[in-house]
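Visitor: File name entry_12.cif; file contents mmCIF, C-alpha atoms; full text below.
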```cif
data_target
#
loop_
_atom_site.label_atom_id
_atom_site.label_comp_id
_atom_site.auth_asym_id
_atom_site.auth_seq_id
_atom_site.Cartn_x
_atom_site.Cartn_y
_atom_site.Cartn_z
CA MET A 5 35.43 96.53 15.32
CA GLU A 6 35.23 94.86 11.95
CA PRO A 7 36.58 96.89 8.99
CA GLY A 8 33.23 96.54 7.18
CA ASN A 9 31.41 98.20 10.07
CA ARG A 10 33.54 101.33 10.00
CA LEU A 11 31.78 104.56 9.17
CA ASN A 12 33.26 105.97 5.98
CA SER A 13 32.50 109.69 6.38
CA ASP A 14 31.37 112.39 8.77
CA ASP A 15 27.98 112.35 7.04
CA GLU A 16 27.43 108.72 7.91
CA LEU A 17 28.48 109.39 11.49
CA SER A 18 26.05 112.33 11.67
CA ALA A 19 23.27 110.16 10.31
CA VAL A 20 23.95 107.51 12.93
CA LEU A 21 24.06 110.08 15.71
CA ASN A 22 20.78 111.62 14.51
CA GLU A 23 19.09 108.26 14.72
CA TRP A 24 20.40 107.65 18.23
CA HIS A 25 17.85 108.35 20.94
CA VAL A 26 18.39 107.90 24.62
CA GLU A 27 15.26 106.45 26.06
CA THR A 28 15.18 107.34 29.72
CA SER A 29 12.77 109.23 31.90
CA LEU A 30 13.75 112.31 33.93
CA PRO A 31 13.39 112.14 37.69
CA PRO A 32 10.09 113.45 39.00
CA ARG A 33 9.88 117.30 39.21
CA PHE A 34 13.25 117.64 37.48
CA ARG A 35 12.56 121.09 35.99
CA GLU A 36 11.28 122.46 39.27
CA ALA A 37 14.42 121.23 41.08
CA VAL A 38 16.67 122.90 38.50
CA TRP A 39 14.87 126.23 38.84
CA ARG A 40 14.98 125.96 42.62
CA ARG A 41 18.74 125.43 42.49
CA ILE A 42 19.26 128.44 40.23
CA ALA A 43 17.17 130.61 42.56
CA ALA A 44 19.12 129.42 45.63
CA SER A 45 22.44 130.18 43.94
CA LYS A 46 21.27 133.71 43.03
CA GLU A 47 20.05 134.23 46.56
CA ALA A 48 23.40 133.14 48.04
CA GLN A 49 25.29 135.43 45.68
CA SER A 50 23.16 138.45 46.53
CA ALA A 51 23.45 137.70 50.29
CA TRP A 52 27.22 137.69 49.89
CA ASN A 53 27.09 141.05 48.02
CA ARG A 54 24.83 142.50 50.68
CA TYR A 55 27.28 141.40 53.37
CA TRP A 56 30.21 143.14 51.67
CA GLN A 57 28.18 146.26 50.98
CA SER A 58 27.11 146.52 54.61
CA LEU A 59 30.69 145.97 55.75
CA PHE A 60 31.96 148.72 53.50
CA LEU A 61 29.16 151.02 54.62
CA ARG A 62 30.13 150.45 58.23
CA TRP A 63 33.74 151.20 57.36
CA GLU A 64 32.71 154.47 55.65
CA LEU A 65 30.64 155.47 58.68
CA LEU A 66 33.55 154.66 60.95
CA VAL A 67 36.04 156.84 59.11
CA LEU A 68 33.69 159.83 58.84
CA LYS A 69 34.98 161.20 62.14
CA PRO A 70 38.66 161.90 62.97
CA VAL A 71 38.37 159.73 66.08
CA GLY A 72 37.29 156.81 63.91
CA VAL A 73 40.18 157.40 61.52
CA ALA A 74 42.69 157.54 64.40
CA ALA A 75 41.25 154.40 65.95
CA CYS A 76 41.42 152.48 62.66
CA LEU A 77 44.98 153.55 61.94
CA ALA A 78 46.00 152.65 65.50
CA LEU A 79 44.38 149.24 65.06
CA PHE A 80 46.21 148.58 61.80
CA THR A 81 49.51 149.68 63.35
CA ALA A 82 48.93 147.47 66.38
CA ALA A 83 48.21 144.52 64.09
CA GLY A 84 51.47 145.18 62.21
CA VAL A 85 53.40 145.45 65.48
CA GLY A 86 51.85 142.24 66.81
CA LEU A 87 52.52 140.26 63.65
CA GLY A 88 56.04 141.69 63.35
CA ALA A 89 56.89 140.90 66.98
CA TRP A 90 55.61 137.36 66.60
CA HIS A 91 57.54 136.76 63.38
CA ALA A 92 60.73 138.31 64.83
CA ARG A 93 60.47 136.00 67.83
CA GLU A 94 59.98 133.02 65.54
CA LEU A 95 63.02 134.02 63.49
CA THR A 96 65.17 134.24 66.62
CA ALA A 97 63.93 130.92 67.97
CA GLY A 98 64.57 129.24 64.60
CA ALA A 99 68.09 130.64 64.36
CA GLN A 100 68.89 129.67 67.97
CA SER A 101 67.71 126.15 67.37
CA THR A 102 69.80 125.81 64.18
CA TRP A 103 72.88 127.29 65.86
CA GLN A 104 72.50 125.03 68.88
CA ALA A 105 72.30 121.93 66.68
CA ALA A 106 75.36 123.12 64.73
CA TYR A 107 77.33 123.61 67.96
CA PHE A 108 76.53 120.18 69.39
CA GLN A 109 77.15 118.54 66.03
CA SER A 110 80.61 120.16 65.88
CA VAL A 111 81.74 119.42 69.46
CA SER A 112 80.15 116.02 69.91
CA PRO A 113 79.32 114.32 66.62
CA SER A 114 79.37 110.80 68.07
CA THR A 115 77.04 111.65 70.95
CA VAL A 116 74.66 113.48 68.64
CA ALA A 117 74.58 110.43 66.40
CA LEU A 118 73.94 108.11 69.36
CA ASN A 119 71.14 110.27 70.74
CA ARG A 120 69.22 110.38 67.46
CA MET B 5 34.23 156.61 49.21
CA LYS B 6 37.60 157.70 47.86
CA ARG B 7 38.56 159.00 51.31
CA SER B 8 37.63 155.79 53.05
CA VAL B 9 39.64 153.70 50.57
CA LEU B 10 42.63 156.00 51.08
CA ILE B 11 42.37 155.56 54.84
CA LEU B 12 42.21 151.80 54.38
CA LEU B 13 45.34 151.89 52.23
CA LEU B 14 47.10 154.12 54.76
CA GLY B 15 46.23 151.59 57.47
CA VAL B 16 47.70 148.75 55.44
CA VAL B 17 50.86 150.78 54.77
CA LEU B 18 51.24 151.57 58.49
CA ALA B 19 50.79 147.91 59.40
CA GLY B 20 53.40 146.90 56.83
CA LEU B 21 55.79 149.54 58.08
CA ALA B 22 55.43 148.42 61.70
CA TYR B 23 55.96 144.80 60.65
CA GLY B 24 59.01 145.65 58.55
CA LEU B 25 60.57 147.76 61.30
CA LEU B 26 60.40 144.80 63.68
CA VAL B 27 61.30 141.94 61.35
CA GLY B 28 63.92 143.60 59.12
CA PRO B 29 66.44 144.58 61.85
CA ARG B 30 66.00 141.19 63.53
CA GLN B 31 66.79 139.40 60.28
CA MET B 32 69.84 141.58 59.74
CA SER B 33 71.03 141.02 63.30
CA ILE B 34 70.72 137.22 62.89
CA GLN B 35 72.75 137.36 59.67
CA GLU B 36 75.36 139.60 61.28
CA ILE B 37 75.82 137.28 64.30
CA GLU B 38 76.10 134.27 62.00
CA ARG B 39 78.67 136.08 59.84
CA THR B 40 80.87 137.19 62.74
CA CYS B 41 80.60 134.16 65.05
CA GLY B 42 79.87 131.34 62.60
CA PRO B 43 76.75 129.17 63.02
CA GLU B 44 78.49 126.83 65.50
CA LEU B 45 79.40 129.53 68.03
CA ALA B 46 76.48 131.92 67.43
CA TRP B 47 74.40 129.88 69.88
CA ILE B 48 76.91 130.30 72.74
CA LYS B 49 77.35 134.01 72.02
CA THR B 50 73.63 134.78 72.06
CA GLU B 51 72.25 132.22 74.52
CA PHE B 52 74.78 133.16 77.22
CA ASP B 53 74.97 136.83 76.24
CA LEU B 54 78.80 136.84 76.16
CA ASP B 55 80.79 140.05 75.82
CA ASP B 56 83.52 140.23 73.18
CA ALA B 57 86.40 139.37 75.55
CA THR B 58 84.64 136.30 76.97
CA PHE B 59 83.54 135.21 73.53
CA GLY B 60 87.14 135.54 72.30
CA ARG B 61 88.30 133.14 75.05
CA VAL B 62 85.50 130.68 74.24
CA ARG B 63 86.33 130.83 70.54
CA GLY B 64 90.01 130.12 71.32
CA LEU B 65 89.09 127.07 73.39
CA TYR B 66 86.72 125.86 70.67
CA GLU B 67 89.33 126.20 67.93
CA ALA B 68 91.91 124.35 70.04
CA TYR B 69 89.46 121.53 70.81
CA LEU B 70 88.14 120.91 67.28
CA PRO B 71 91.25 119.17 65.80
CA LEU B 72 91.38 116.85 68.83
CA CYS B 73 87.70 116.00 68.44
CA GLU B 74 88.12 115.38 64.72
CA GLU B 75 91.08 113.07 65.34
CA TYR B 76 89.08 110.96 67.81
CA CYS B 77 86.16 110.83 65.39
CA ARG B 78 88.50 109.71 62.60
CA GLN B 79 89.91 106.90 64.76
CA ILE B 80 86.45 105.75 65.91
CA ASP B 81 85.21 105.73 62.30
CA GLU B 82 88.26 103.69 61.31
CA ARG B 83 87.47 101.02 63.94
CA HIS B 84 83.82 100.97 62.83
CA ARG B 85 84.86 100.45 59.21
CA GLU B 86 87.15 97.57 60.17
CA LEU B 87 84.37 96.12 62.30
CA ALA B 88 81.85 96.34 59.45
CA GLY B 89 84.31 94.51 57.19
CA LEU B 90 84.78 91.70 59.71
CA LEU B 91 81.06 91.36 60.43
CA GLU B 92 80.33 90.80 56.75
CA HIS B 93 82.21 87.49 56.85
CA SER B 94 81.65 86.35 60.41
CA GLU B 95 78.77 84.64 62.17
CA ALA B 96 80.31 84.78 65.65
CA VAL B 97 82.07 87.32 67.85
CA THR B 98 85.68 86.53 67.06
CA PRO B 99 88.56 87.78 69.25
CA GLU B 100 89.36 90.30 66.50
CA ILE B 101 85.79 91.70 66.57
CA ALA B 102 85.88 91.85 70.37
CA ARG B 103 89.19 93.70 70.23
CA LEU B 104 87.83 96.28 67.77
CA LEU B 105 84.67 96.80 69.83
CA HIS B 106 86.81 97.29 72.90
CA GLU B 107 89.07 99.78 71.12
CA ALA B 108 86.14 101.75 69.70
CA GLY B 109 84.56 101.90 73.16
CA GLU B 110 87.82 103.03 74.72
CA LEU B 111 88.28 105.71 72.05
CA ARG B 112 84.73 106.93 72.60
CA ALA B 113 85.35 107.15 76.35
CA ARG B 114 88.56 109.13 75.79
CA CYS B 115 86.76 111.37 73.30
CA GLN B 116 84.00 112.04 75.84
CA THR B 117 86.56 112.75 78.53
CA GLU B 118 88.23 115.36 76.31
CA MET B 119 84.82 116.78 75.45
CA LEU B 120 83.92 117.09 79.11
CA LYS B 121 87.25 118.77 79.83
CA HIS B 122 86.52 121.20 77.01
CA PHE B 123 83.05 121.98 78.36
CA LEU B 124 84.48 122.60 81.82
CA ALA B 125 87.14 124.90 80.38
CA VAL B 126 84.49 126.82 78.43
CA SER B 127 82.29 127.14 81.51
CA ARG B 128 85.26 128.49 83.50
CA ALA B 129 85.90 131.06 80.76
CA MET B 130 82.36 132.40 81.25
CA PRO B 131 80.97 134.42 84.17
CA PRO B 132 80.02 131.91 86.96
CA GLU B 133 76.25 131.98 86.47
CA GLN B 134 76.45 131.56 82.69
CA GLY B 135 79.11 128.88 83.15
CA ARG B 136 76.80 126.82 85.37
CA ARG B 137 73.95 127.21 82.91
CA PHE B 138 76.21 126.22 80.02
CA LEU B 139 77.34 123.08 81.82
CA ALA B 140 73.76 122.07 82.54
CA TRP B 141 72.82 122.54 78.87
CA VAL B 142 75.73 120.60 77.40
CA GLN B 143 75.51 117.85 79.98
CA GLN B 144 71.86 117.33 79.08
CA ALA B 145 72.62 117.30 75.35
CA THR B 146 75.78 115.19 75.25
CA ILE B 147 76.37 113.08 78.37
CA ALA B 148 72.70 112.29 79.04
CA PRO B 149 72.05 108.52 79.26
CA VAL B 150 70.96 106.88 76.04
CA HIS B 151 69.82 103.55 77.46
CA ASP B 152 66.72 104.81 79.25
CA SER B 153 64.35 103.30 76.73
CA MET B 154 65.95 99.86 77.18
CA VAL B 155 66.17 99.68 80.96
CA ALA B 156 63.76 102.29 82.23
CA HIS B 157 63.47 100.72 85.71
CA VAL B 158 67.25 101.19 86.20
CA ALA B 159 67.15 104.84 85.15
CA GLY B 160 64.40 105.55 87.69
CA PRO B 161 61.30 107.69 87.25
CA THR B 162 61.49 110.51 84.72
CA ASP B 163 59.94 113.97 84.92
CA ASP B 164 57.10 112.73 82.74
CA ASP B 165 56.37 109.98 85.24
CA HIS B 166 56.14 112.54 88.02
CA HIS B 167 53.74 114.65 85.97
CA SER B 168 51.55 111.70 85.08
CA HIS B 169 51.06 110.59 88.73
#
```
Translate this structure into structure tokens?
Guide:
Amino acid sequence: MEPGNRLNSDDELSAVLNEWHVETSLPPRFREAVWRRIAASKEAQSAWNRYWQSLFLRWELLVLKPVGVAACLALFTAAGVGLGAWHARELTAGAQSTWQAAYFQSVSPSTVALNR
Amino acid sequence: MKRSVLILLLGVVLAGLAYGLLVGPRQMSIQEIERTCGPELAWIKTEFDLDDATFGRVRGLYEAYLPLCEEYCRQIDERHRELAGLLEHSEAVTPEIARLLHEAGELRARCQTEMLKHFLAVSRAMPPEQGRRFLAWVQQATIAPVHDSMVAHVAGPTDDDHHSH
């Protein structure tokens, strides 16, 4: 840009910006599309809320009776046992694999290197 | 509502407790085995379920074998270093290069012989069934052929081939 063309103050810049008009036409039925999108987003949000509310309501109904409470607690415990057993097995398998590699590396480094 | 949230929390606590009771002791047991046996021998101790007396014999054999193994490795590495030095300045297989290759091969064969003797001694130190299983494992991992990919027709069909037909 030439030095003479530089804008000397914020006021000049504001004046230029005020004169600047974008001349383009909006797509057909632009406003209607925007409102439709807003409505769809609200609808999705409220459907999600309704889903959680109904889930919580079901949960409350379930734990009204002692049998329901016992069943839920048993289910949670079983999930903990299942997850714990799986993770414990994974830990053992991981350790065994590391130990096995360490053993073979120590007794037969050249063979381990050749087999890689 | 308060009651149902409390029950939910109680369920989560119970699940966490069950998980912790299974994972915690296992983690501690792994650390304990590694501390007492060392990572190199922990595999033998656990995989072959050795009692303390048997494990003591295996450990003794292992500790006697290690210096021998290290000495062979040192000598093989030395030949390889010499070989690398010669190959930098040579465009043909000179008698010196051939000699070093021959020596390295001979050392490797002697090293493998000692290793095999060690494995056999370890297997004899174990109860017979575990000993056989140990030999099968180590044979597969250390003496297994390494040229299969180059001359597959010489090695014969593999297990995978059998499965694929």
Visitor: Can you list, as a PyMOL selection string, every protein, DNA or RNA residue that comes within 6 Å of range 19-33 of chain B when you count only C-alpha atoms, leaving out same-chain residues fewer than 3 positions away?
Guide: (chain A and resi 80-81+84-85+88+92) or (chain B and resi 16+36)
Visitor: Could you save the residues just selected, with C-alpha atoms, as a compact mmCIF listing (two decimals), in the coordinates of the input?
Guide:
```
# COMPACT_ATOMS: atom_id res chain seq x y z
CA PHE A 80 46.21 148.58 61.80
CA THR A 81 49.51 149.68 63.35
CA GLY A 84 51.47 145.18 62.21
CA VAL A 85 53.40 145.45 65.48
CA GLY A 88 56.04 141.69 63.35
CA ALA A 92 60.73 138.31 64.83
CA VAL B 16 47.70 148.75 55.44
CA GLU B 36 75.36 139.60 61.28
```
Visitor: For range 129-142 of chain B, please output as a ChimeraX atom specification all residues within 7 Å (counting all atoms listed in the file; exclusion window: fewer than 5 positions along the same chain).
Guide: /B:52,58,61-62,123
Visitor: How far is it from CA of Glu44 in chain B to CA of Ala106 in chain A, in Å with one decimal?
Guide: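 Straight-line distance from CA of Glu44 in chain B to CA of Ala106 in chain A works out to 4.9 Å.
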Visitor: Using only C-alpha atoms, find the one residue out of A:Glu64, A:Val71, A:Gly98, A:Tyr55 that sits nearest to chain B.
Guide: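 Once distances to chain B are computed over only C-alpha atoms, the minimum belongs to A:Glu64.
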Visitor: Which chain A residues are at most 10 Å from chain B (counting only C-alpha atoms), as a VMD selection string?
Guide: chain A and resid 60 to 61 63 to 68 73 to 74 76 to 96 99 to 116 118 to 120
Visitor: Would you please work out which residue, of B:Phe59, B:Ala102, B:His84, B:Glu110, is nearest to Ser127 in chain B when using all atoms listed in the file?
Guide: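 Checking each of B:Phe59, B:Ala102, B:His84, B:Glu110 against Ser127 in chain B, counting all atoms listed in the file, the winner is B:Phe59.
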Visitor: Could you work out how far CA of Lys46 in chain A lies from CA of Leu59 in chain A, giving the answer in Å with one decimal?
Guide: 20.0 Å
Visitor: Mind rebuilding range 31-54 of chain B with N, CA and C atoms and writing that out as an mmCIF file, in the coordinates of the input?
Guide:
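So result_11.cif came out as:
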```cif
data_model
loop_
_atom_site.group_PDB
_atom_site.id
_atom_site.type_symbol
_atom_site.label_atom_id
_atom_site.label_comp_id
_atom_site.auth_asym_id
_atom_site.auth_seq_id
_atom_site.Cartn_x
_atom_site.Cartn_y
_atom_site.Cartn_z
ATOM 1 N N GLN B 31 66.197 140.257 61.309
ATOM 2 C CA GLN B 31 66.790 139.400 60.280
ATOM 3 C C GLN B 31 68.247 139.792 60.036
ATOM 4 N N MET B 32 68.478 141.108 59.993
ATOM 5 C CA MET B 32 69.840 141.580 59.740
ATOM 6 C C MET B 32 70.755 141.210 60.909
ATOM 7 N N SER B 33 70.213 141.332 62.133
ATOM 8 C CA SER B 33 71.030 141.020 63.300
ATOM 9 C C SER B 33 71.399 139.529 63.334
ATOM 10 N N ILE B 34 70.446 138.670 62.946
ATOM 11 C CA ILE B 34 70.720 137.220 62.890
ATOM 12 C C ILE B 34 71.831 136.940 61.877
ATOM 13 N N GLN B 35 71.731 137.579 60.714
ATOM 14 C CA GLN B 35 72.750 137.360 59.670
ATOM 15 C C GLN B 35 74.113 137.865 60.122
ATOM 16 N N GLU B 36 74.107 139.004 60.831
ATOM 17 C CA GLU B 36 75.360 139.600 61.280
ATOM 18 C C GLU B 36 76.051 138.690 62.321
ATOM 19 N N ILE B 37 75.260 138.189 63.271
ATOM 20 C CA ILE B 37 75.820 137.280 64.300
ATOM 21 C C ILE B 37 76.391 136.031 63.631
ATOM 22 N N GLU B 38 75.647 135.494 62.670
ATOM 23 C CA GLU B 38 76.100 134.270 62.000
ATOM 24 C C GLU B 38 77.381 134.532 61.213
ATOM 25 N N ARG B 39 77.477 135.744 60.634
ATOM 26 C CA ARG B 39 78.670 136.080 59.840
ATOM 27 C C ARG B 39 79.883 136.242 60.749
ATOM 28 N N THR B 40 79.714 136.908 61.892
ATOM 29 C CA THR B 40 80.870 137.190 62.740
ATOM 30 C C THR B 40 81.257 135.993 63.628
ATOM 31 N N CYS B 41 80.273 135.241 64.114
ATOM 32 C CA CYS B 41 80.600 134.160 65.050
ATOM 33 C C CYS B 41 80.652 132.797 64.378
ATOM 34 N N GLY B 42 80.000 132.664 63.215
ATOM 35 C CA GLY B 42 79.870 131.340 62.600
ATOM 36 C C GLY B 42 78.666 130.647 63.233
ATOM 37 N N PRO B 43 77.968 129.790 62.479
ATOM 38 C CA PRO B 43 76.750 129.170 63.020
ATOM 39 C C PRO B 43 77.017 128.307 64.267
ATOM 40 N N GLU B 44 78.224 127.732 64.362
ATOM 41 C CA GLU B 44 78.490 126.830 65.500
ATOM 42 C C GLU B 44 78.620 127.594 66.820
ATOM 43 N N LEU B 45 79.187 128.805 66.770
ATOM 44 C CA LEU B 45 79.400 129.530 68.030
ATOM 45 C C LEU B 45 78.356 130.623 68.267
ATOM 46 N N ALA B 46 77.500 130.868 67.265
ATOM 47 C CA ALA B 46 76.480 131.920 67.430
ATOM 48 C C ALA B 46 75.558 131.584 68.593
ATOM 49 N N TRP B 47 75.300 130.283 68.792
ATOM 50 C CA TRP B 47 74.400 129.880 69.880
ATOM 51 C C TRP B 47 74.989 130.278 71.234
ATOM 52 N N ILE B 48 76.284 129.978 71.457
ATOM 53 C CA ILE B 48 76.910 130.300 72.740
ATOM 54 C C ILE B 48 76.901 131.813 72.949
ATOM 55 N N LYS B 49 77.258 132.544 71.912
ATOM 56 C CA LYS B 49 77.350 134.010 72.020
ATOM 57 C C LYS B 49 76.008 134.618 72.436
ATOM 58 N N THR B 50 74.921 134.151 71.799
ATOM 59 C CA THR B 50 73.630 134.780 72.060
ATOM 60 C C THR B 50 72.927 134.186 73.279
ATOM 61 N N GLU B 51 72.970 132.864 73.413
ATOM 62 C CA GLU B 51 72.250 132.220 74.520
ATOM 63 C C GLU B 51 72.816 132.649 75.873
ATOM 64 N N PHE B 52 74.158 132.832 75.934
ATOM 65 C CA PHE B 52 74.780 133.160 77.220
ATOM 66 C C PHE B 52 75.210 134.624 77.280
ATOM 67 N N ASP B 53 74.796 135.378 76.268
ATOM 68 C CA ASP B 53 74.970 136.830 76.240
ATOM 69 C C ASP B 53 76.424 137.217 76.591
ATOM 70 N N LEU B 54 77.383 136.632 75.850
ATOM 71 C CA LEU B 54 78.800 136.840 76.160
ATOM 72 C C LEU B 54 79.305 138.155 75.592
#
```
